Amino acid sequence: MTLNAPILDKGELRIRRMFGEIAPVYDRLNHVLSLNIDKLWRKKTVRDVPLTTGPLLDLCTGTGDLAIDYFKATGGKFDIVGADFCHPMLVRASAKARTRKGGEKIHWIEADAQQLPFPDDTFEVVTVSFGLRNVTDTMKGLREMTRVAKPGGKIAVLEFSRPRNWFFSRVYKFYFRRVLPTIGQVVSKSPENAYNYLPESVMQFPDGETLAQMMREAGLESVSFTPLTFGIATLYIGRKPT
């Protein structure tokens, strides 16, 4: 237990321990605290970055929601891999997938986003949803995503961002910094203050054009980004050059 650790300590051990602690309540709190809007954002990702030949890698997969959404959308026709370095999250992802017909065919792999155990040019699509900001070295994670994508393959990053509208931004910050941490901490009882870490990690993580430029520097081209729900989240899409 590291009660005196800085809220934005993104060391691998702390992040793994923190998400392991909240794994049992992770899905329930995410859907409640986002009013289920997170489900719509993932569906848009599946629509905007379709899987046509496979395979797909969902990085920082957590409890596997995006990987499972891709599996459902493609009818299980292509190999789908969900990777995360937090074992308790993968246990829940695997259990959840088995409740879907054929879901046991999704592959779950314990792996660090900064050092992926896959050959170059492997995946048609590489995704990460609400996990990139938790990677200790963001650029290293982006470069690994680019490395394992096939030439011409797509990278999709779905991440929280900061609304630009003055009024909505103030409401958002109040909810994110006051309401969400209070509810999250009461329910999760996280010794690592996971639901205080969440808003601070979002507020200090690069978004918009700044993150898009980092994706270009990681080797991607045709990078675009689309704010979702007043800018609460943003979907970034890039392509690996052929």
# chains A, B, ... in the order shown; residues from 1 in each chain; ligands from 1
$ select_by_dssp --residues "stretch 113-154 of chain A" --states "strand (DSSP E or B)" --output "ChimeraX atom specification"
/A:115,123-129,149-154
$ write_last_selection --atoms "N, CA and C atoms" --output "PDB file, in the first residue's frame"
ATOM      1  N   GLN A 115       6.193  -2.808 -24.400  1.00  0.00           N
ATOM      2  CA  GLN A 115       7.061  -3.869 -24.906  1.00  0.00           C
ATOM      3  C   GLN A 115       6.190  -5.058 -25.293  1.00  0.00           C
ATOM      4  N   PHE A 123      -0.945  -6.776 -37.093  1.00  0.00           N
ATOM      5  CA  PHE A 123      -2.375  -6.527 -36.917  1.00  0.00           C
ATOM      6  C   PHE A 123      -2.930  -5.519 -37.929  1.00  0.00           C
ATOM      7  N   GLU A 124      -4.115  -5.829 -38.448  1.00  0.00           N
ATOM      8  CA  GLU A 124      -4.784  -4.867 -39.341  1.00  0.00           C
ATOM      9  C   GLU A 124      -5.227  -3.631 -38.568  1.00  0.00           C
ATOM     10  N   VAL A 125      -5.726  -3.834 -37.362  1.00  0.00           N
ATOM     11  CA  VAL A 125      -6.198  -2.737 -36.516  1.00  0.00           C
ATOM     12  C   VAL A 125      -5.600  -2.905 -35.120  1.00  0.00           C
ATOM     13  N   VAL A 126      -5.123  -1.792 -34.564  1.00  0.00           N
ATOM     14  CA  VAL A 126      -4.652  -1.764 -33.178  1.00  0.00           C
ATOM     15  C   VAL A 126      -5.435  -0.661 -32.466  1.00  0.00           C
ATOM     16  N   THR A 127      -6.079  -1.010 -31.365  1.00  0.00           N
ATOM     17  CA  THR A 127      -6.912  -0.048 -30.647  1.00  0.00           C
ATOM     18  C   THR A 127      -6.460   0.079 -29.198  1.00  0.00           C
ATOM     19  N   VAL A 128      -6.818   1.204 -28.604  1.00  0.00           N
ATOM     20  CA  VAL A 128      -6.678   1.383 -27.158  1.00  0.00           C
ATOM     21  C   VAL A 128      -7.788   2.331 -26.723  1.00  0.00           C
ATOM     22  N   SER A 129      -8.557   1.932 -25.721  1.00  0.00           N
ATOM     23  CA  SER A 129      -9.647   2.797 -25.261  1.00  0.00           C
ATOM     24  C   SER A 129      -9.461   3.114 -23.781  1.00  0.00           C
ATOM     25  N   ALA A 149       1.395  -2.908 -36.060  1.00  0.00           N
ATOM     26  CA  ALA A 149       0.356  -2.772 -37.085  1.00  0.00           C
ATOM     27  C   ALA A 149       0.913  -3.128 -38.457  1.00  0.00           C
ATOM     28  N   LYS A 150       0.063  -3.689 -39.303  1.00  0.00           N
ATOM     29  CA  LYS A 150       0.457  -3.972 -40.677  1.00  0.00           C
ATOM     30  C   LYS A 150       0.631  -2.668 -41.450  1.00  0.00           C
ATOM     31  N   PRO A 151       1.482  -2.641 -42.462  1.00  0.00           N
ATOM     32  CA  PRO A 151       1.521  -1.470 -43.341  1.00  0.00           C
ATOM     33  C   PRO A 151       0.135  -1.213 -43.928  1.00  0.00           C
ATOM     34  N   GLY A 152      -0.324   0.022 -43.796  1.00  0.00           N
ATOM     35  CA  GLY A 152      -1.675   0.367 -44.231  1.00  0.00           C
ATOM     36  C   GLY A 152      -2.724   0.111 -43.160  1.00  0.00           C
ATOM     37  N   GLY A 153      -2.307  -0.488 -42.042  1.00  0.00           N
ATOM     38  CA  GLY A 153      -3.241  -0.774 -40.960  1.00  0.00           C
ATOM     39  C   GLY A 153      -3.595   0.480 -40.179  1.00  0.00           C
ATOM     40  N   LYS A 154      -4.653   0.388 -39.386  1.00  0.00           N
ATOM     41  CA  LYS A 154      -5.174   1.545 -38.656  1.00  0.00           C
ATOM     42  C   LYS A 154      -4.859   1.440 -37.158  1.00  0.00           C
TER      43      LYS A 154
END
$ residues_around --residues "stretch 71-82 of chain A" --least-positions-apart "5" --cutoff "10 Å" --atoms "only C-alpha atoms" --output "PyMOL selection string"
chain A and resi 43+46-47+50-66+90+93-94+97+100-103+105-111+123+125-128
$ atom_distance --atom1 "atom CA of A:Cys86" --atom2 "atom CA of A:Ser34"
22.4 Å
$ atom_distance --atom1 "atom CA of A:Gly231" --atom2 "atom CA of A:Met18"
26.5 Å
$ closest_atom_pairs --of "stretch 95-171 of chain A" --to "stretch 177-184 of chain A" --cutoff "12 Å" --atoms "only C-alpha atoms" --output "tab-separated table"
residue	atom	partner	partner_atom	distance
A:Ser169	CA	A:Arg177	CA	11.8
A:Arg170	CA	A:Arg177	CA	10.5
A:Val171	CA	A:Arg177	CA	10.0
$ select_by_dssp --residues "stretch 151-199 of chain A" --states "helix (DSSP H, G or I)" --output "ChimeraX atom specification"
/A:166-188,194-199
$ closest_residue --among "A:Leu198, A:Leu235, A:Leu142, A:Leu158" --to "A:Leu220" --atoms "only C-alpha atoms"
A:Leu142
$ closest_residue --among "A:Lys39, A:Tyr175, A:Pro199, A:Glu209" --to "A:Phe225" --atoms "only C-alpha atoms"
A:Glu209
$ residues_around --residues "A:Phe205" --least-positions-apart "2" --cutoff "8 Å" --atoms "only C-alpha atoms" --output "PDB file with C-alpha atoms, in the first residue's frame"
ATOM      1  CA  ARG A 133      -2.925   7.914 -20.595  1.00  0.00           C
ATOM      2  CA  SER A 161     -10.290  14.764 -23.304  1.00  0.00           C
ATOM      3  CA  SER A 201      -4.681  11.870 -15.360  1.00  0.00           C
ATOM      4  CA  VAL A 202      -7.259  13.198 -17.832  1.00  0.00           C
ATOM      5  CA  MET A 203      -6.642  16.867 -17.023  1.00  0.00           C
ATOM      6  CA  ASP A 207      -5.394  15.850 -26.176  1.00  0.00           C
TER       7      ASP A 207
END
$ residues_around --residues "A:Phe19" --least-positions-apart "4" --cutoff "8 Å" --atoms "only C-alpha atoms" --output "short mmCIF file (atom, residue, chain, number, x, y, z; two decimals) with N, CA and C atoms, in the first residue's frame"
data_model
loop_
_atom_site.label_atom_id
_atom_site.label_comp_id
_atom_site.auth_asym_id
_atom_site.auth_seq_id
_atom_site.Cartn_x
_atom_site.Cartn_y
_atom_site.Cartn_z
N ILE A 15 0.40 1.42 -11.27
CA ILE A 15 -0.77 1.35 -12.17
C ILE A 15 -1.34 -0.07 -12.16
N ALA A 23 -10.65 -3.80 -10.12
CA ALA A 23 -11.20 -4.70 -11.14
C ALA A 23 -12.61 -5.20 -10.82
N CYS A 86 -2.48 -6.00 -16.42
CA CYS A 86 -3.14 -6.20 -15.13
C CYS A 86 -3.92 -7.51 -15.16
N MET A 89 -7.78 -7.76 -14.32
CA MET A 89 -8.63 -7.23 -15.38
C MET A 89 -8.85 -8.30 -16.46
N ALA A 194 -7.66 5.38 -6.77
CA ALA A 194 -7.83 5.25 -8.23
C ALA A 194 -8.75 6.32 -8.80
#
$ residues_around --residues "A:Pro119" --least-positions-apart "5" --cutoff "12 Å" --atoms "only C-alpha atoms" --output "PyMOL selection string"
chain A and resi 144-150
$ write_last_selection --atoms "C-alpha atoms" --output "PDB file, in the first residue's frame"
ATOM      1  CA  GLU A 144       4.819  -0.103 -30.168  1.00  0.00           C
ATOM      2  CA  MET A 145       1.252   0.165 -31.506  1.00  0.00           C
ATOM      3  CA  THR A 146       2.668   1.408 -34.813  1.00  0.00           C
ATOM      4  CA  ARG A 147       5.322  -1.299 -34.935  1.00  0.00           C
ATOM      5  CA  VAL A 148       2.883  -4.200 -34.594  1.00  0.00           C
ATOM      6  CA  ALA A 149       0.356  -2.772 -37.085  1.00  0.00           C
ATOM      7  CA  LYS A 150       0.457  -3.972 -40.677  1.00  0.00           C
TER       8      LYS A 150
END
$ closest_residue --among "A:Phe160, A:Phe167, A:Phe130, A:Phe85" --to "A:Ile232" --atoms "only C-alpha atoms"
A:Phe160
